[in-house]
Amino acid sequence: MQDYVFGLLSLICSLKGLSCTPWTMKVQDQVNGTLGQNVILPCIFTHPKQNSYTGDINIKWMQGKIHEPIVQCTFYNKTKGQDGKCIYSTSSERLLLQGNHRNGDISLSINNLQFTDASQYTCRVELDYNQFNKHTTLNVNAPAQILSLCLDLDVLKVRCIAQGNPIPEVKWTSSSGPLEHFPIKTVHRVISSVPFSDQDMYTCQAVNSLGQDQITFPPNQNSSLSLSLMTGILGCLLLLGLVAFILNVVRRRQSAQRVMDMGVQRVKTSIYQANETVYANISTCPAGETRQVDVYSTGALREEGKEEMIPRAQKNRPSRPPGPPPVIGEK
């Protein structure tokens, strides 16, 4: 409708001999991108005052039916100055404006595409005197990919989850041949399950127009054998390291015990030698003889090998003069 209106205005200008430039905006109706890759949504515009406009140019990109812009940039346009520069931007790390704004290139770059980026986008230009916008649709495509293949123990089934755009078709095969299944499809994913038997091997295959993917359950036996072998080798190395550590600890303890025993033996030998020295300086009595020690001392009178024993307490006491013994009680 806008193209029709501006085309009509251009016709009127031509009929009247006026030089007028209409609004133009070039976008692609459909843009295809790939999941995880980058994409650019082209948007190039011109306006009637392209050669004389010096006011603000406000650029907005909206996604879907949300009126809040996902990218917004306002800059000054000067006909004789250098290229304008964004003075306000709400762009994120994944959303960036590309091209020369002053030349009318306000294309949008989206990095690392996700399925949620698939939507309709609106490119809008707002000038001081008018505004103009157009829509473009972004499609995010992806080759078929199996996200998981596992055993669901609750229902004893092998479950396969695949994604892609276009949505992939899932096929099951086992050791006994193709299997029947009833897939559940969402926007970009499909979930399918088949009954499990430990006597079979199961292969889930997902296919779409952009590619295919397949996984086998249980995993390949060669891979399992290699993993088991590697695990066994690592276990043996760990065990050998543990044994070596234990032997080293035991060897150190034995060495420490030998050192302690040698020290104790040296101490005992030194004590024994010291005792030998002490006992060597002490005279001992001959066998069969005894030594009697009392409080008596021998006197000088000896008769035929006999001696008179005089108490030590009386030895130096003066003799009492002869006479009758004293009567007790007399004064």
# chains A, B, ... in the order shown; residues from 1 in each chain; ligands from 1

$ select_by_dssp --residues "region 38-226 of chain A" --states "alpha helix (DSSP H)" --output "ChimeraX atom specification"
/A:221-226

$ write_last_selection --atoms "N, CA, C and O atoms" --output "PDB file, in the first residue's frame"
ATOM      1  N   GLN A 221      29.883 -51.933  20.140  1.00  0.00           N
ATOM      2  CA  GLN A 221      30.624 -52.801  21.045  1.00  0.00           C
ATOM      3  C   GLN A 221      32.112 -52.529  21.017  1.00  0.00           C
ATOM      4  O   GLN A 221      32.804 -52.646  22.025  1.00  0.00           O
ATOM      5  N   ASN A 222      32.636 -52.172  19.844  1.00  0.00           N
ATOM      6  CA  ASN A 222      34.068 -51.856  19.766  1.00  0.00           C
ATOM      7  C   ASN A 222      34.407 -50.658  20.628  1.00  0.00           C
ATOM      8  O   ASN A 222      35.411 -50.621  21.330  1.00  0.00           O
ATOM      9  N   SER A 223      33.510 -49.641  20.579  1.00  0.00           N
ATOM     10  CA  SER A 223      33.738 -48.461  21.418  1.00  0.00           C
ATOM     11  C   SER A 223      33.660 -48.827  22.885  1.00  0.00           C
ATOM     12  O   SER A 223      34.457 -48.367  23.705  1.00  0.00           O
ATOM     13  N   SER A 224      32.685 -49.702  23.226  1.00  0.00           N
ATOM     14  CA  SER A 224      32.561 -50.117  24.619  1.00  0.00           C
ATOM     15  C   SER A 224      33.792 -50.891  25.060  1.00  0.00           C
ATOM     16  O   SER A 224      34.288 -50.724  26.179  1.00  0.00           O
ATOM     17  N   LEU A 225      34.297 -51.789  24.145  1.00  0.00           N
ATOM     18  CA  LEU A 225      35.486 -52.557  24.489  1.00  0.00           C
ATOM     19  C   LEU A 225      36.697 -51.659  24.693  1.00  0.00           C
ATOM     20  O   LEU A 225      37.483 -51.832  25.640  1.00  0.00           O
ATOM     21  N   SER A 226      36.852 -50.673  23.824  1.00  0.00           N
ATOM     22  CA  SER A 226      37.973 -49.737  23.959  1.00  0.00           C
ATOM     23  C   SER A 226      37.870 -48.963  25.257  1.00  0.00           C
ATOM     24  O   SER A 226      38.867 -48.769  25.968  1.00  0.00           O
TER      25      SER A 226
END

$ residues_around --residues "region 32-38 of chain A" --least-positions-apart "6" --cutoff "6 Å" --atoms "only C-alpha atoms" --output "number ranges by chain"
A: 110-114, 138-142

$ closest_residue --among "A:Ile40, A:Gly55, A:His67, A:Met25" --to "Leu95 (chain A)" --atoms "only C-alpha atoms"
A:Ile40

$ atom_distance --atom1 "CA of Arg102 (chain A)" --atom2 "CA of Lys60 (chain A)"
14.8 Å

$ closest_residue --among "A:Ala256, A:Thr203, A:Tyr121, A:Gln131" --to "Ile66 (chain A)" --atoms "only C-alpha atoms"
A:Tyr121

$ closest_residue --among "A:Pro143, A:Pro42, A:Gly64, A:Pro183" --to "Asp29 (chain A)" --atoms "only C-alpha atoms"
A:Pro42

$ closest_residue --among "A:Asn133, A:Ala206, A:Asp154, A:Asp128" --to "Thr54 (chain A)" --atoms "only C-alpha atoms"
A:Asp128

$ select_by_dssp --residues "region 66-218 of chain A" --states "strand (DSSP E or B)" --output "NGL selection string"
:A and (71-76 or 89 or 95-97 or 105 or 108-110 or 119-126 or 131-152 or 157-165 or 169-174 or 177-179 or 184-185 or 189-195 or 202-208 or 211-217)

$ closest_residue --among "A:Ser255, A:Gln145, A:Ser52, A:Thr173" --to "Gln212 (chain A)" --atoms "only C-alpha atoms"
A:Gln145

$ closest_residue --among "A:Val31, A:Val187, A:Ala118, A:Leu41" --to "Leu96 (chain A)" --atoms "only C-alpha atoms"
A:Leu41

$ decode --residues "region 49-70 of chain A" --atoms "N, CA, C and O atoms" --output "mmCIF file, in the first residue's frame"
data_model
loop_
_atom_site.group_PDB
_atom_site.id
_atom_site.type_symbol
_atom_site.label_atom_id
_atom_site.label_comp_id
_atom_site.auth_asym_id
_atom_site.auth_seq_id
_atom_site.Cartn_x
_atom_site.Cartn_y
_atom_site.Cartn_z
ATOM 1 N N LYS A 49 13.578 13.999 1.212
ATOM 2 C CA LYS A 49 14.538 15.067 1.490
ATOM 3 C C LYS A 49 15.945 14.507 1.655
ATOM 4 O O LYS A 49 16.721 14.965 2.512
ATOM 5 N N GLN A 50 16.254 13.521 0.867
ATOM 6 C CA GLN A 50 17.527 12.810 0.991
ATOM 7 C C GLN A 50 18.719 13.763 0.905
ATOM 8 O O GLN A 50 19.712 13.580 1.607
ATOM 9 N N ASN A 51 18.648 14.787 0.070
ATOM 10 C CA ASN A 51 19.791 15.665 -0.162
ATOM 11 C C ASN A 51 19.803 16.907 0.711
ATOM 12 O O ASN A 51 20.775 17.662 0.693
ATOM 13 N N SER A 52 18.741 17.164 1.459
ATOM 14 C CA SER A 52 18.676 18.393 2.244
ATOM 15 C C SER A 52 18.350 18.173 3.712
ATOM 16 O O SER A 52 18.447 19.103 4.515
ATOM 17 N N TYR A 53 18.017 16.977 4.096
ATOM 18 C CA TYR A 53 17.585 16.722 5.477
ATOM 19 C C TYR A 53 18.785 16.747 6.422
ATOM 20 O O TYR A 53 19.803 16.091 6.187
ATOM 21 N N THR A 54 18.667 17.501 7.517
ATOM 22 C CA THR A 54 19.745 17.605 8.514
ATOM 23 C C THR A 54 19.252 17.293 9.924
ATOM 24 O O THR A 54 19.961 17.562 10.905
ATOM 25 N N GLY A 55 18.076 16.743 10.027
ATOM 26 C CA GLY A 55 17.533 16.444 11.356
ATOM 27 C C GLY A 55 17.964 15.057 11.856
ATOM 28 O O GLY A 55 18.904 14.435 11.350
ATOM 29 N N ASP A 56 17.257 14.603 12.881
ATOM 30 C CA ASP A 56 17.539 13.283 13.464
ATOM 31 C C ASP A 56 16.968 12.170 12.590
ATOM 32 O O ASP A 56 15.902 12.325 11.972
ATOM 33 N N ILE A 57 17.670 11.069 12.561
ATOM 34 C CA ILE A 57 17.177 9.849 11.927
ATOM 35 C C ILE A 57 17.112 8.771 13.007
ATOM 36 O O ILE A 57 18.128 8.427 13.616
ATOM 37 N N ASN A 58 15.925 8.271 13.235
ATOM 38 C CA ASN A 58 15.702 7.265 14.270
ATOM 39 C C ASN A 58 15.432 5.920 13.585
ATOM 40 O O ASN A 58 14.470 5.779 12.820
ATOM 41 N N ILE A 59 16.261 4.922 13.885
ATOM 42 C CA ILE A 59 16.148 3.596 13.264
ATOM 43 C C ILE A 59 15.646 2.609 14.311
ATOM 44 O O ILE A 59 16.156 2.569 15.437
ATOM 45 N N LYS A 60 14.672 1.773 13.920
ATOM 46 C CA LYS A 60 14.125 0.776 14.826
ATOM 47 C C LYS A 60 13.938 -0.543 14.089
ATOM 48 O O LYS A 60 13.501 -0.566 12.939
ATOM 49 N N TRP A 61 14.263 -1.617 14.803
ATOM 50 C CA TRP A 61 13.948 -2.969 14.345
ATOM 51 C C TRP A 61 13.073 -3.622 15.410
ATOM 52 O O TRP A 61 13.426 -3.656 16.586
ATOM 53 N N MET A 62 11.911 -4.136 14.977
ATOM 54 C CA MET A 62 11.002 -4.840 15.875
ATOM 55 C C MET A 62 10.855 -6.286 15.431
ATOM 56 O O MET A 62 10.960 -6.587 14.245
ATOM 57 N N GLN A 63 10.595 -7.177 16.413
ATOM 58 C CA GLN A 63 10.416 -8.599 16.119
ATOM 59 C C GLN A 63 8.991 -9.017 16.445
ATOM 60 O O GLN A 63 8.475 -8.741 17.535
ATOM 61 N N GLY A 64 8.346 -9.704 15.494
ATOM 62 C CA GLY A 64 6.988 -10.193 15.709
ATOM 63 C C GLY A 64 5.996 -9.069 15.885
ATOM 64 O O GLY A 64 6.066 -8.024 15.239
ATOM 65 N N LYS A 65 5.071 -9.289 16.817
ATOM 66 C CA LYS A 65 4.025 -8.301 17.069
ATOM 67 C C LYS A 65 4.360 -7.393 18.239
ATOM 68 O O LYS A 65 3.503 -6.615 18.684
ATOM 69 N N ILE A 66 5.586 -7.498 18.743
ATOM 70 C CA ILE A 66 5.994 -6.649 19.871
ATOM 71 C C ILE A 66 6.410 -5.289 19.324
ATOM 72 O O ILE A 66 7.225 -5.184 18.401
ATOM 73 N N HIS A 67 5.845 -4.236 19.887
ATOM 74 C CA HIS A 67 6.138 -2.884 19.402
ATOM 75 C C HIS A 67 7.431 -2.321 19.983
ATOM 76 O O HIS A 67 7.975 -1.349 19.460
ATOM 77 N N GLU A 68 7.914 -2.905 21.068
ATOM 78 C CA GLU A 68 9.185 -2.457 21.637
ATOM 79 C C GLU A 68 10.316 -2.872 20.707
ATOM 80 O O GLU A 68 10.413 -4.043 20.313
ATOM 81 N N PRO A 69 11.204 -1.959 20.341
ATOM 82 C CA PRO A 69 12.286 -2.312 19.403
ATOM 83 C C PRO A 69 13.326 -3.221 20.050
ATOM 84 O O PRO A 69 13.645 -3.082 21.234
ATOM 85 N N ILE A 70 13.827 -4.149 19.273
ATOM 86 C CA ILE A 70 14.940 -4.976 19.743
ATOM 87 C C ILE A 70 16.268 -4.282 19.445
ATOM 88 O O ILE A 70 17.292 -4.584 20.080
#
